[in-house]
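Raw contents of final.txt, compact mmCIF, C-alpha atoms (C1' of nucleotides):
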```txt
# COMPACT_ATOMS: atom_id res chain seq x y z
CA MET A 1 -157.13 -40.52 -91.65
CA PHE A 2 -153.94 -42.11 -92.81
CA TYR A 3 -152.22 -41.08 -95.95
CA MET A 4 -148.81 -41.41 -97.45
CA LYS A 5 -148.62 -41.18 -101.19
CA GLU A 6 -145.72 -43.57 -101.37
CA LEU A 7 -145.75 -46.26 -98.72
CA PRO A 8 -142.44 -47.25 -97.17
CA ASN A 9 -140.85 -50.17 -98.95
CA GLU A 10 -138.63 -52.94 -97.70
CA GLU A 11 -135.49 -50.89 -98.28
CA ASP A 12 -136.75 -48.09 -96.09
CA PHE A 13 -137.01 -50.50 -93.21
CA ARG A 14 -133.73 -52.28 -93.73
CA PRO A 15 -131.56 -49.86 -91.76
CA LEU A 16 -134.08 -49.96 -88.92
CA VAL A 17 -134.20 -53.72 -88.57
CA PRO A 18 -130.95 -54.08 -86.61
CA GLU A 19 -131.96 -51.16 -84.45
CA TYR A 20 -135.42 -52.30 -83.40
CA SER A 21 -135.85 -55.90 -82.44
CA SER A 22 -139.62 -55.54 -82.42
CA LEU A 23 -139.74 -54.49 -86.07
CA ASP A 24 -141.30 -57.09 -88.32
CA THR A 25 -141.14 -55.61 -91.79
CA SER A 26 -143.85 -57.72 -93.35
CA SER A 27 -146.27 -56.86 -90.54
CA VAL A 28 -145.64 -53.18 -90.85
CA MET A 29 -145.98 -53.14 -94.60
CA LEU A 30 -149.23 -55.06 -94.41
CA PHE A 31 -150.46 -52.72 -91.72
CA TYR A 32 -149.71 -49.64 -93.80
CA LEU A 33 -151.23 -51.13 -96.91
CA PHE A 34 -154.37 -51.88 -94.95
CA LEU A 35 -154.62 -48.38 -93.56
CA GLN A 36 -153.94 -46.81 -96.92
CA VAL A 37 -156.64 -48.78 -98.72
CA GLY A 38 -159.09 -48.14 -95.90
CA SER A 39 -158.33 -44.42 -95.87
CA ASP A 40 -158.68 -44.15 -99.60
CA MET A 41 -162.02 -45.90 -99.52
CA LEU A 42 -163.21 -43.72 -96.71
CA THR A 43 -162.07 -40.56 -98.46
CA ALA A 44 -163.72 -41.59 -101.69
CA PHE A 45 -167.04 -42.24 -100.04
CA GLU A 46 -166.76 -39.14 -97.92
CA THR A 47 -166.42 -37.15 -101.11
CA TYR A 48 -169.41 -38.88 -102.59
CA LEU A 49 -171.49 -38.19 -99.49
CA ALA A 50 -170.35 -34.57 -99.39
CA ASN A 51 -171.84 -34.12 -102.84
CA HIS A 52 -175.14 -35.09 -101.27
CA GLY A 53 -174.66 -32.63 -98.45
CA VAL A 54 -173.88 -35.05 -95.63
CA SER A 55 -170.69 -35.97 -93.83
CA GLN A 56 -169.69 -39.49 -92.75
CA GLY A 57 -170.76 -38.74 -89.22
CA ARG A 58 -174.15 -37.48 -90.22
CA PHE A 59 -174.66 -40.30 -92.65
CA ILE A 60 -174.07 -42.82 -89.91
CA VAL A 61 -176.69 -41.13 -87.75
CA LEU A 62 -179.16 -41.35 -90.62
CA LEU A 63 -178.32 -45.04 -91.12
CA LEU A 64 -178.79 -45.79 -87.44
CA LEU A 65 -182.15 -44.06 -87.43
CA LEU A 66 -183.28 -45.85 -90.56
CA ARG A 67 -182.30 -49.20 -89.13
CA SER A 68 -184.06 -48.47 -85.89
CA GLN A 69 -187.20 -47.46 -87.69
CA MET A 70 -187.17 -50.55 -89.84
CA ARG A 71 -186.47 -52.85 -86.94
CA ASN A 72 -189.12 -51.65 -84.57
CA ASN A 73 -191.60 -49.64 -86.52
CA GLY A 74 -190.62 -46.05 -86.12
CA SER A 75 -190.07 -45.83 -82.41
CA GLY A 76 -186.91 -43.77 -82.89
CA LEU A 77 -183.79 -43.51 -80.78
CA SER A 78 -182.60 -41.23 -78.01
CA PRO A 79 -179.46 -39.12 -78.43
CA SER A 80 -177.80 -41.31 -75.82
CA GLU A 81 -178.53 -44.46 -77.76
CA LEU A 82 -177.34 -42.85 -80.96
CA ALA A 83 -174.11 -41.75 -79.31
CA GLY A 84 -173.53 -45.24 -77.96
CA GLN A 85 -174.16 -46.92 -81.30
CA ALA A 86 -172.10 -44.43 -83.24
CA GLY A 87 -169.21 -44.48 -80.80
CA VAL A 88 -169.14 -40.79 -79.92
CA THR A 89 -169.94 -38.87 -76.76
CA ARG A 90 -173.38 -37.44 -76.18
CA ALA A 91 -171.97 -33.95 -76.63
CA THR A 92 -170.69 -34.86 -80.05
CA MET A 93 -174.03 -36.37 -80.94
CA THR A 94 -175.78 -33.17 -79.94
CA GLY A 95 -173.63 -31.34 -82.48
CA LEU A 96 -174.32 -33.84 -85.23
CA MET A 97 -178.05 -33.69 -84.56
CA LYS A 98 -178.01 -29.93 -84.54
CA GLY A 99 -176.79 -29.87 -88.11
CA LEU A 100 -179.15 -32.62 -89.21
CA GLN A 101 -182.12 -30.87 -87.67
CA ARG A 102 -181.14 -27.55 -89.18
CA ASP A 103 -181.12 -29.26 -92.56
CA GLY A 104 -184.50 -30.81 -91.84
CA LEU A 105 -183.35 -34.43 -91.99
CA ILE A 106 -184.27 -35.40 -88.45
CA GLU A 107 -186.81 -34.34 -85.83
CA ARG A 108 -186.59 -34.31 -82.07
CA PHE A 109 -189.57 -35.14 -79.91
CA SER A 110 -189.82 -35.25 -76.18
CA HIS A 111 -190.39 -38.61 -74.58
CA ASP A 112 -193.65 -39.06 -72.75
CA GLY A 113 -192.98 -40.61 -69.40
CA ASP A 114 -189.39 -39.43 -69.05
CA ARG A 115 -189.12 -35.78 -69.76
CA ARG A 116 -185.34 -35.84 -69.66
CA LYS A 117 -185.32 -37.89 -72.81
CA VAL A 118 -185.59 -36.93 -76.42
CA ILE A 119 -186.66 -39.12 -79.28
CA VAL A 120 -185.01 -38.65 -82.62
CA ARG A 121 -186.60 -39.68 -85.89
CA LEU A 122 -185.94 -39.31 -89.57
CA THR A 123 -188.13 -36.80 -91.31
CA PRO A 124 -189.58 -37.60 -94.74
CA LYS A 125 -186.86 -35.37 -96.11
CA GLY A 126 -184.29 -37.44 -94.23
CA LYS A 127 -185.62 -40.61 -95.80
CA GLU A 128 -185.62 -39.00 -99.22
CA SER A 129 -182.06 -37.99 -98.69
CA LEU A 130 -181.07 -41.58 -98.01
CA ASN A 131 -183.14 -42.69 -100.98
CA ALA A 132 -181.21 -40.31 -103.16
CA ILE A 133 -177.88 -41.54 -101.86
CA PHE A 134 -178.42 -45.27 -101.76
CA PRO A 135 -178.62 -46.39 -105.38
CA ASP A 136 -175.32 -44.94 -106.45
CA TYR A 137 -173.76 -45.60 -103.06
CA TYR A 138 -174.54 -49.29 -103.27
CA ALA A 139 -173.50 -49.40 -106.90
CA ARG A 140 -170.08 -48.00 -106.03
CA ILE A 141 -169.56 -50.51 -103.28
CA ALA A 142 -170.64 -53.34 -105.54
CA GLU A 143 -168.28 -52.16 -108.23
CA LEU A 144 -165.43 -51.92 -105.78
CA MET A 145 -165.89 -55.53 -104.72
CA ASN A 146 -166.80 -56.70 -108.17
CA ASP A 147 -163.45 -58.24 -109.01
CA LEU A 148 -163.45 -60.41 -105.91
CA GLU A 149 -164.75 -63.93 -106.42
CA ASP A 150 -166.94 -65.49 -103.78
CA ASP A 151 -164.08 -67.39 -102.23
CA GLU A 152 -161.96 -64.26 -102.17
CA ARG A 153 -164.70 -62.39 -100.36
CA GLU A 154 -164.93 -65.14 -97.82
CA GLY A 155 -161.19 -65.15 -97.44
CA LEU A 156 -161.02 -61.42 -96.97
CA SER A 157 -163.86 -61.51 -94.50
CA ARG A 158 -162.20 -64.28 -92.53
CA LEU A 159 -158.88 -62.45 -92.40
CA LEU A 160 -160.55 -59.20 -91.37
CA HIS A 161 -162.34 -60.97 -88.57
CA LYS A 162 -159.10 -62.53 -87.49
CA VAL A 163 -157.39 -59.16 -87.21
CA LYS A 164 -160.43 -57.70 -85.52
CA ASP A 165 -160.56 -60.49 -82.94
CA LYS A 166 -156.88 -60.08 -82.28
CA MET A 167 -157.37 -56.40 -81.72
CA TYR A 168 -160.00 -56.97 -79.08
CA SER A 169 -158.29 -59.84 -77.36
CA SER A 170 -155.08 -57.87 -76.92
CA LYS A 171 -154.61 -54.44 -75.48
CA LEU A 172 -154.82 -52.93 -78.94
CA ALA A 173 -158.52 -52.18 -78.94
CA PRO A 174 -159.74 -48.63 -79.42
CA ALA A 175 -159.56 -46.32 -76.44
CA ALA A 176 -161.94 -47.10 -73.64
CA GLY A 177 -163.39 -43.59 -73.84
CA ALA A 178 -166.29 -43.11 -76.16
CA ARG A 179 -166.14 -46.45 -77.83
CA GLY A 180 -166.62 -48.64 -74.82
CA MET B 1 -163.40 -42.09 -89.28
CA PHE B 2 -166.05 -44.70 -89.58
CA TYR B 3 -167.71 -46.24 -86.63
CA MET B 4 -170.83 -48.23 -85.94
CA LYS B 5 -170.75 -50.35 -82.85
CA GLU B 6 -173.01 -52.95 -84.35
CA LEU B 7 -172.58 -53.41 -88.07
CA PRO B 8 -175.70 -53.98 -90.16
CA ASN B 9 -176.45 -57.65 -90.63
CA GLU B 10 -178.08 -59.50 -93.46
CA GLU B 11 -181.54 -59.03 -92.01
CA ASP B 12 -181.13 -55.28 -91.95
CA PHE B 13 -180.55 -55.30 -95.68
CA ARG B 14 -183.30 -57.75 -96.60
CA PRO B 15 -186.08 -55.18 -96.84
CA LEU B 16 -183.85 -52.96 -98.97
CA VAL B 17 -182.89 -55.59 -101.50
CA PRO B 18 -186.12 -55.44 -103.53
CA GLU B 19 -185.98 -51.66 -103.40
CA TYR B 20 -182.44 -51.12 -104.66
CA SER B 21 -181.29 -53.18 -107.56
CA SER B 22 -177.70 -52.03 -107.06
CA LEU B 23 -177.54 -53.41 -103.53
CA ASP B 24 -175.26 -56.40 -103.20
CA THR B 25 -175.50 -57.41 -99.57
CA SER B 26 -172.25 -59.35 -99.40
CA SER B 27 -170.32 -56.44 -100.91
CA VAL B 28 -171.74 -53.95 -98.49
CA MET B 29 -171.14 -56.10 -95.46
CA LEU B 30 -167.57 -56.72 -96.52
CA PHE B 31 -167.11 -53.02 -97.14
CA TYR B 32 -168.37 -52.10 -93.68
CA LEU B 33 -166.32 -54.77 -92.00
CA PHE B 34 -163.25 -53.45 -93.75
CA LEU B 35 -163.92 -49.88 -92.74
CA GLN B 36 -164.65 -50.86 -89.17
CA VAL B 37 -161.45 -52.83 -88.73
CA GLY B 38 -159.44 -50.08 -90.39
CA SER B 39 -161.03 -47.40 -88.23
CA ASP B 40 -160.45 -49.36 -85.07
CA MET B 41 -156.82 -49.90 -85.94
CA LEU B 42 -156.38 -46.26 -86.77
CA THR B 43 -158.06 -45.15 -83.56
CA ALA B 44 -155.99 -47.52 -81.48
CA PHE B 45 -152.74 -46.26 -82.93
CA GLU B 46 -153.89 -42.67 -82.77
CA THR B 47 -154.43 -43.16 -79.06
CA TYR B 48 -151.01 -44.69 -78.69
CA LEU B 49 -149.39 -41.82 -80.58
CA ALA B 50 -151.34 -39.26 -78.57
CA ASN B 51 -149.73 -40.66 -75.43
CA HIS B 52 -146.45 -39.68 -77.00
CA GLY B 53 -147.70 -36.21 -77.80
CA VAL B 54 -148.11 -36.54 -81.56
CA SER B 55 -151.13 -36.88 -83.81
CA GLN B 56 -151.36 -39.14 -86.84
CA GLY B 57 -150.79 -36.19 -89.13
CA ARG B 58 -147.70 -35.05 -87.30
CA PHE B 59 -146.37 -38.56 -87.02
CA ILE B 60 -146.58 -38.95 -90.77
CA VAL B 61 -144.59 -35.76 -91.24
CA LEU B 62 -141.93 -37.10 -88.92
CA LEU B 63 -141.85 -40.40 -90.80
CA LEU B 64 -141.49 -38.64 -94.13
CA LEU B 65 -138.63 -36.55 -92.81
CA LEU B 66 -136.88 -39.56 -91.32
CA ARG B 67 -137.19 -41.46 -94.56
CA SER B 68 -135.89 -38.55 -96.54
CA GLN B 69 -132.92 -38.14 -94.24
CA MET B 70 -132.09 -41.83 -94.41
CA ARG B 71 -132.47 -41.98 -98.16
CA ASN B 72 -130.36 -39.03 -99.07
CA ASN B 73 -128.27 -38.11 -96.11
CA GLY B 74 -130.06 -35.34 -94.34
CA SER B 75 -130.91 -33.05 -97.17
CA GLY B 76 -134.41 -32.49 -95.81
CA LEU B 77 -137.65 -31.74 -97.60
CA SER B 78 -139.52 -28.59 -98.51
CA PRO B 79 -143.02 -27.93 -97.18
CA SER B 80 -144.32 -28.40 -100.72
CA GLU B 81 -142.75 -31.82 -101.01
CA LEU B 82 -144.03 -32.80 -97.60
CA ALA B 83 -147.53 -31.70 -98.52
CA GLY B 84 -147.39 -33.67 -101.74
CA GLN B 85 -146.15 -36.81 -100.06
CA ALA B 86 -148.58 -36.58 -97.19
CA GLY B 87 -151.56 -35.81 -99.39
CA VAL B 88 -152.52 -32.49 -97.86
CA THR B 89 -152.44 -28.92 -99.13
CA ARG B 90 -149.50 -26.66 -98.48
CA ALA B 91 -151.62 -24.60 -96.11
CA THR B 92 -152.39 -27.68 -94.05
CA MET B 93 -148.74 -28.60 -93.97
CA THR B 94 -147.88 -25.15 -92.69
CA GLY B 95 -150.19 -25.80 -89.76
CA LEU B 96 -148.73 -29.22 -89.03
CA MET B 97 -145.21 -27.85 -89.16
CA LYS B 98 -146.14 -24.99 -86.90
CA GLY B 99 -147.06 -27.39 -84.15
CA LEU B 100 -144.05 -29.61 -84.74
CA GLN B 101 -141.70 -26.66 -84.65
CA ARG B 102 -143.32 -25.27 -81.52
CA ASP B 103 -142.68 -28.64 -79.88
CA GLY B 104 -139.10 -28.59 -81.11
CA LEU B 105 -139.36 -31.70 -83.29
CA ILE B 106 -138.50 -30.07 -86.59
CA GLU B 107 -136.47 -27.12 -87.80
CA ARG B 108 -136.93 -24.86 -90.79
CA PHE B 109 -134.00 -23.49 -92.73
CA SER B 110 -134.00 -21.26 -95.73
CA HIS B 111 -132.82 -22.75 -98.99
CA ASP B 112 -129.69 -21.26 -100.48
CA GLY B 113 -130.25 -20.67 -104.13
CA ASP B 114 -134.03 -20.40 -104.04
CA ARG B 115 -135.10 -17.97 -101.44
CA ARG B 116 -138.76 -18.88 -101.77
CA LYS B 117 -138.03 -22.30 -100.39
CA VAL B 118 -137.73 -23.65 -96.91
CA ILE B 119 -135.96 -26.82 -95.88
CA VAL B 120 -137.43 -28.85 -93.10
CA ARG B 121 -135.41 -31.26 -91.01
CA LEU B 122 -135.89 -33.37 -87.92
CA THR B 123 -134.21 -32.00 -84.84
CA PRO B 124 -132.36 -34.34 -82.50
CA LYS B 125 -135.43 -34.12 -80.28
CA GLY B 126 -137.57 -35.13 -83.25
CA LYS B 127 -135.43 -38.19 -83.81
CA GLU B 128 -135.54 -39.03 -80.13
CA SER B 129 -139.27 -38.76 -80.22
CA LEU B 130 -139.44 -41.30 -83.02
CA ASN B 131 -136.96 -43.48 -81.16
CA ALA B 132 -139.22 -43.42 -78.15
CA ILE B 133 -142.26 -44.33 -80.20
CA PHE B 134 -140.89 -47.00 -82.49
CA PRO B 135 -140.14 -49.99 -80.28
CA ASP B 136 -143.61 -50.30 -78.81
CA TYR B 137 -145.23 -49.10 -82.01
CA TYR B 138 -143.62 -51.87 -84.02
CA ALA B 139 -144.32 -54.38 -81.29
CA ARG B 140 -148.01 -53.57 -81.39
CA ILE B 141 -148.16 -53.95 -85.14
CA ALA B 142 -146.30 -57.23 -84.98
CA GLU B 143 -148.64 -58.49 -82.31
CA LEU B 144 -151.65 -57.48 -84.33
CA MET B 145 -150.48 -59.50 -87.30
CA ASN B 146 -149.06 -62.27 -85.21
CA ASP B 147 -151.90 -64.71 -85.74
CA LEU B 148 -151.64 -64.49 -89.49
CA GLU B 149 -149.55 -67.19 -91.10
CA ASP B 150 -147.28 -66.29 -93.98
CA ASP B 151 -149.74 -67.47 -96.57
CA GLU B 152 -152.50 -65.51 -94.90
CA ARG B 153 -150.42 -62.36 -95.00
CA GLU B 154 -149.77 -62.88 -98.65
CA GLY B 155 -153.44 -63.51 -99.25
CA LEU B 156 -154.48 -60.41 -97.39
CA SER B 157 -151.89 -58.34 -99.18
CA ARG B 158 -153.03 -59.66 -102.54
CA LEU B 159 -156.68 -58.93 -101.80
CA LEU B 160 -155.88 -55.46 -100.53
CA HIS B 161 -153.95 -54.70 -103.68
CA LYS B 162 -156.83 -55.98 -105.74
CA VAL B 163 -159.28 -53.63 -104.04
CA LYS B 164 -156.79 -50.80 -104.28
CA ASP B 165 -156.22 -51.35 -107.98
CA LYS B 166 -159.95 -51.47 -108.54
CA MET B 167 -160.35 -48.20 -106.73
CA TYR B 168 -157.87 -46.44 -108.95
CA SER B 169 -159.03 -47.97 -112.20
CA SER B 170 -162.62 -46.93 -111.59
CA LYS B 171 -163.97 -43.55 -110.68
CA LEU B 172 -163.83 -44.46 -107.01
CA ALA B 173 -160.39 -43.07 -106.28
CA PRO B 174 -159.95 -40.34 -103.69
CA ALA B 175 -160.85 -36.82 -104.70
CA ALA B 176 -158.59 -35.24 -107.24
CA GLY B 177 -157.94 -32.31 -104.90
CA ALA B 178 -155.05 -32.66 -102.53
CA ARG B 179 -154.38 -36.30 -103.12
CA GLY B 180 -153.68 -36.16 -106.82
C1' DA C 1 -139.09 -5.47 -118.30
C1' DA C 2 -143.42 -7.81 -117.91
C1' DT C 3 -145.96 -11.78 -117.38
C1' DT C 4 -146.54 -16.19 -115.41
C1' DA C 5 -145.54 -19.64 -112.08
C1' DA C 6 -144.15 -21.42 -107.76
C1' DT C 7 -143.44 -21.20 -102.64
C1' DG C 8 -144.88 -20.52 -98.16
C1' DC C 9 -147.79 -18.11 -95.36
C1' DT C 10 -152.11 -15.99 -93.19
C1' DA C 11 -156.96 -15.65 -92.59
C1' DT C 12 -161.15 -17.82 -92.33
C1' DG C 13 -164.28 -21.47 -91.78
C1' DG C 14 -166.04 -26.16 -91.27
C1' DG C 15 -166.23 -30.79 -89.32
C1' DG C 16 -165.39 -33.85 -85.72
C1' DC C 17 -164.16 -34.79 -81.31
C1' DC C 18 -163.33 -34.03 -76.40
C1' DT C 19 -163.92 -32.40 -71.25
C1' DA C 20 -166.34 -29.84 -67.95
C1' DA C 21 -170.13 -27.48 -66.37
C1' DT C 22 -175.21 -26.64 -66.47
C1' DT C 23 -180.12 -27.61 -66.40
C1' DA C 24 -183.82 -30.56 -66.00
C1' DT C 25 -185.73 -34.65 -64.49
C1' DA C 26 -185.96 -39.31 -62.05
C1' DT C 27 -185.16 -42.34 -58.40
C1' DG C 28 -184.18 -44.40 -54.03
C1' DG C 29 -183.13 -44.20 -49.06
C1' DG C 30 -183.92 -42.24 -44.73
C1' DC D 1 -191.67 -36.11 -47.98
C1' DC D 2 -186.88 -34.59 -48.81
C1' DC D 3 -182.38 -34.85 -50.05
C1' DA D 4 -178.61 -37.14 -52.33
C1' DT D 5 -177.49 -39.25 -56.31
C1' DA D 6 -177.90 -40.60 -60.98
C1' DT D 7 -179.16 -39.83 -65.71
C1' DA D 8 -180.31 -37.10 -70.06
C1' DA D 9 -179.34 -33.54 -73.00
C1' DT D 10 -177.21 -29.49 -73.79
C1' DT D 11 -173.86 -25.54 -73.83
C1' DA D 12 -169.28 -23.60 -73.63
C1' DG D 13 -164.72 -23.75 -74.80
C1' DG D 14 -160.99 -25.83 -77.00
C1' DC D 15 -157.95 -28.74 -80.08
C1' DC D 16 -156.80 -30.98 -84.40
C1' DC D 17 -157.21 -31.67 -89.14
C1' DC D 18 -158.34 -29.93 -93.39
C1' DA D 19 -159.77 -26.86 -97.17
C1' DT D 20 -160.13 -22.46 -100.04
C1' DA D 21 -158.72 -17.91 -101.05
C1' DG D 22 -155.70 -14.34 -101.05
C1' DC D 23 -151.01 -12.38 -100.40
C1' DA D 24 -146.01 -11.33 -100.60
C1' DT D 25 -141.86 -12.95 -102.22
C1' DT D 26 -138.97 -14.88 -105.47
C1' DA D 27 -137.99 -17.40 -109.86
C1' DA D 28 -138.56 -18.54 -114.54
C1' DT D 29 -140.09 -17.40 -119.14
C1' DT D 30 -140.60 -14.68 -122.98
```

Could you rewrite the structure in this file as structure tokens?
Amino acid sequence: MFYMKELPNEEDFRPLVPEYSSLDTSSVMLFYLFLQVGSDMLTAFETYLANHGVSQGRFIVLLLLLRSQMRNNGSGLSPSELAGQAGVTRATMTGLMKGLQRDGLIERFSHDGDRRKVIVRLTPKGKESLNAIFPDYYARIAELMNDLEDDEREGLSRLLHKVKDKMYSSKLAPAAGARG
Amino acid sequence: MFYMKELPNEEDFRPLVPEYSSLDTSSVMLFYLFLQVGSDMLTAFETYLANHGVSQGRFIVLLLLLRSQMRNNGSGLSPSELAGQAGVTRATMTGLMKGLQRDGLIERFSHDGDRRKVIVRLTPKGKESLNAIFPDYYARIAELMNDLEDDEREGLSRLLHKVKDKMYSSKLAPAAGARG
DNA sequence: AATTAATGCTATGGGGCCTAATTATATGGG
DNA sequence: CCCATATAATTAGGCCCCATAGCATTAATT
């Protein structure tokens, strides 16, 4: 999370400019603005999801399971696969699943053929939960983007991809750890 | 934090479109792309800061204190003001300060005139810590934005502001709680 | 003086995340 | 066939961030 109620302005940076040759004020201000908008969006949707009894992390697990079931007819995913796709360690995924299973949103089955493995699937209740969340969830996203014209959406998408590509082509990418 | 290694693509949404009238695929994909890029940036810089022994939350406290000291000559801030500016509760700020004080980066003084209040200031070590972080920190940000031309930066900034304004003018803004 | 408000703190609890160790199972080479 | 190694999932323990609720202290209001 990133939050500062009042972002630094140009004046705040002025005394630092002569001191730090690497400081590019416009870059930093853009960077902060980006993080602030992203954090605010995330917080807003986290609050919305919390009202439905799920956290961001759990919601992502539900989304991954739904996608898997739609893509290949209900075969389910293993905790390992879930952890890889969600970008967390297996231990973290165990914790997320624990809560989801306690709440009856997912089920764990053992894999025939490899008894080390577990197969995770959405329960009917899990699907219902997503069904309850989706309409308003999508409506909020649509409303948020509503003021952007088609060309603005394309422009934003292009710029986001540009920053993203830069992040991965330089040494700025997320830590190698869980997100590799 | 938001993370999905592989974002949903158009095909993933196709079966949902007839089911949810509020689903606007291009909005949702843009939304996810935004969150992913923001999360990756945040994670990358969190990792960088962690190498310097501070978390995002603590770093923001240090930034707020530095700004305050530069703006009005070292008067410092109270925990209440810090909490307000950082968007957390006073209790949370107490915890952040506890760690920062333990590490010797901040000091707490009592306020003459209002004995309920505390005044928080950066220690010399706190300033040194920021001095150690800044050069590379700014360089990374500059590098990240390096590929964006001036007009692209302006465009991105404009679009970010547009989304931000939309968020605050609709009911999508962050929870009233701590961030009001 | 008595009420109300503000400040900072503690206690408690949850979520998310990690590393390290453990248990169970597979697999491949000798 | 057996042992070493690898893989899967979990548990244990810990840290950080964050919130709510309650408390003591001090100030402000009336």

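Of the listed residues A:Ser80, A:Phe31, A:Arg153, A:Ser26, the one whose atoms come nearest to DT7 (chain D) is A:Ser80, with distances taken using only C-alpha atoms (C1' of nucleotides).
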
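You can rank A:Thr94, A:Ser169, A:Thr47, A:Ser157 by their closest distance to chain D using all atoms listed in the file, and at the top of that list sits A:Thr94.
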
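Nearest to chain A of all the residues C:DG16, C:DA5, C:DA21, C:DG29 is C:DG16, based on all atoms listed in the file.
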
Box dimensions and centre (Å, one decimal) enclosing region 21-30 of chain D, axis-aligned, 3 Å extra per side, as lines of an AutoDock Vina configuration file:
```
center_x = -148.4
center_y = -14.9
center_z = -111.7
size_x = 26.7
size_y = 13.2
size_z = 28.6
```

Using all atoms listed in the file, which chain B residues lie at most 12 Å away from chain C, written as a ChimeraX atom specification? /B:1-2,78-81,83,89-95,97-98,108,110-111,114-119

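Checking D:DC2, D:DA8, D:DC18, D:DA24 one by one against chain B, counting only C-alpha atoms (C1' of nucleotides), you find the shortest gap at D:DC18.
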
What is the C1' of DC17 (chain D)-CA of Ser129 (chain A) distance in Å, reported with one decimal? 27.4 Å

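For the pair CA of Tyr138 (chain A) and CA of Val88 (chain B), the interatomic distance is 28.2 Å.
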
Within-12 Å shell of (-168.6, -45.4, -99.3) in input frame, all atoms listed in the file, as a count of residues only: 44

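Our summary of the geometry notes that CA of Asp24 (chain A) is positioned 28.1 Å from CA of Lys166 (chain B).
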
Using all atoms listed in the file, I'd like a table of the residues in chain D that come within 9 Å of chain B; for each, show the closest atom pair and its distance in Å rounded to one decimal, ordered by chain and ascending number, as a Markdown table.
```
| residue | atom | partner | partner_atom | distance |
| --- | --- | --- | --- | --- |
| D:DC16 | C1' | B:Ser55 | CA | 8.2 |
| D:DC17 | C1' | B:Gly57 | CA | 7.9 |
| D:DC18 | C1' | B:Thr92 | CA | 6.4 |
| D:DA19 | C1' | B:Thr89 | CA | 7.9 |
| D:DT25 | C1' | B:Arg116 | CA | 6.7 |
| D:DT26 | C1' | B:Arg116 | CA | 5.5 |
| D:DA27 | C1' | B:Asp114 | CA | 7.7 |
```

Take the residues that were just selected and, keeping C-alpha atoms (C1' of nucleotides), output them as a PDB file, in the frame of the given file.
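To be explicit, this is the file written out as out.pdb:
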```pdb
ATOM      1  C1'  DC D  16    -156.800 -30.980 -84.400  1.00  0.00           C
ATOM      2  C1'  DC D  17    -157.210 -31.670 -89.140  1.00  0.00           C
ATOM      3  C1'  DC D  18    -158.340 -29.930 -93.390  1.00  0.00           C
ATOM      4  C1'  DA D  19    -159.770 -26.860 -97.170  1.00  0.00           C
ATOM      5  C1'  DT D  25    -141.860 -12.950-102.220  1.00  0.00           C
ATOM      6  C1'  DT D  26    -138.970 -14.880-105.470  1.00  0.00           C
ATOM      7  C1'  DA D  27    -137.990 -17.400-109.860  1.00  0.00           C
TER       8       DA D  27
END
```

Let me make sure I understand: among A:Leu7, A:Ala86, A:Leu105, A:Leu100, which one has the smallest atom-to-atom distance to chain B if we use all atoms listed in the file? A:Ala86

I'd like the contact shell of Asp12 (chain B) - 12 Å cut-off, all atoms listed in the file, skipping same-chain residues fewer than 3 positions apart - returned as a count of residues only. 19

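Comparing the minimum interatomic distances between Val120 (chain B) and each of B:Asn73, B:Ser170, B:Gln101, B:Gln36, counting only C-alpha atoms, we find that B:Gln101 sits nearest.
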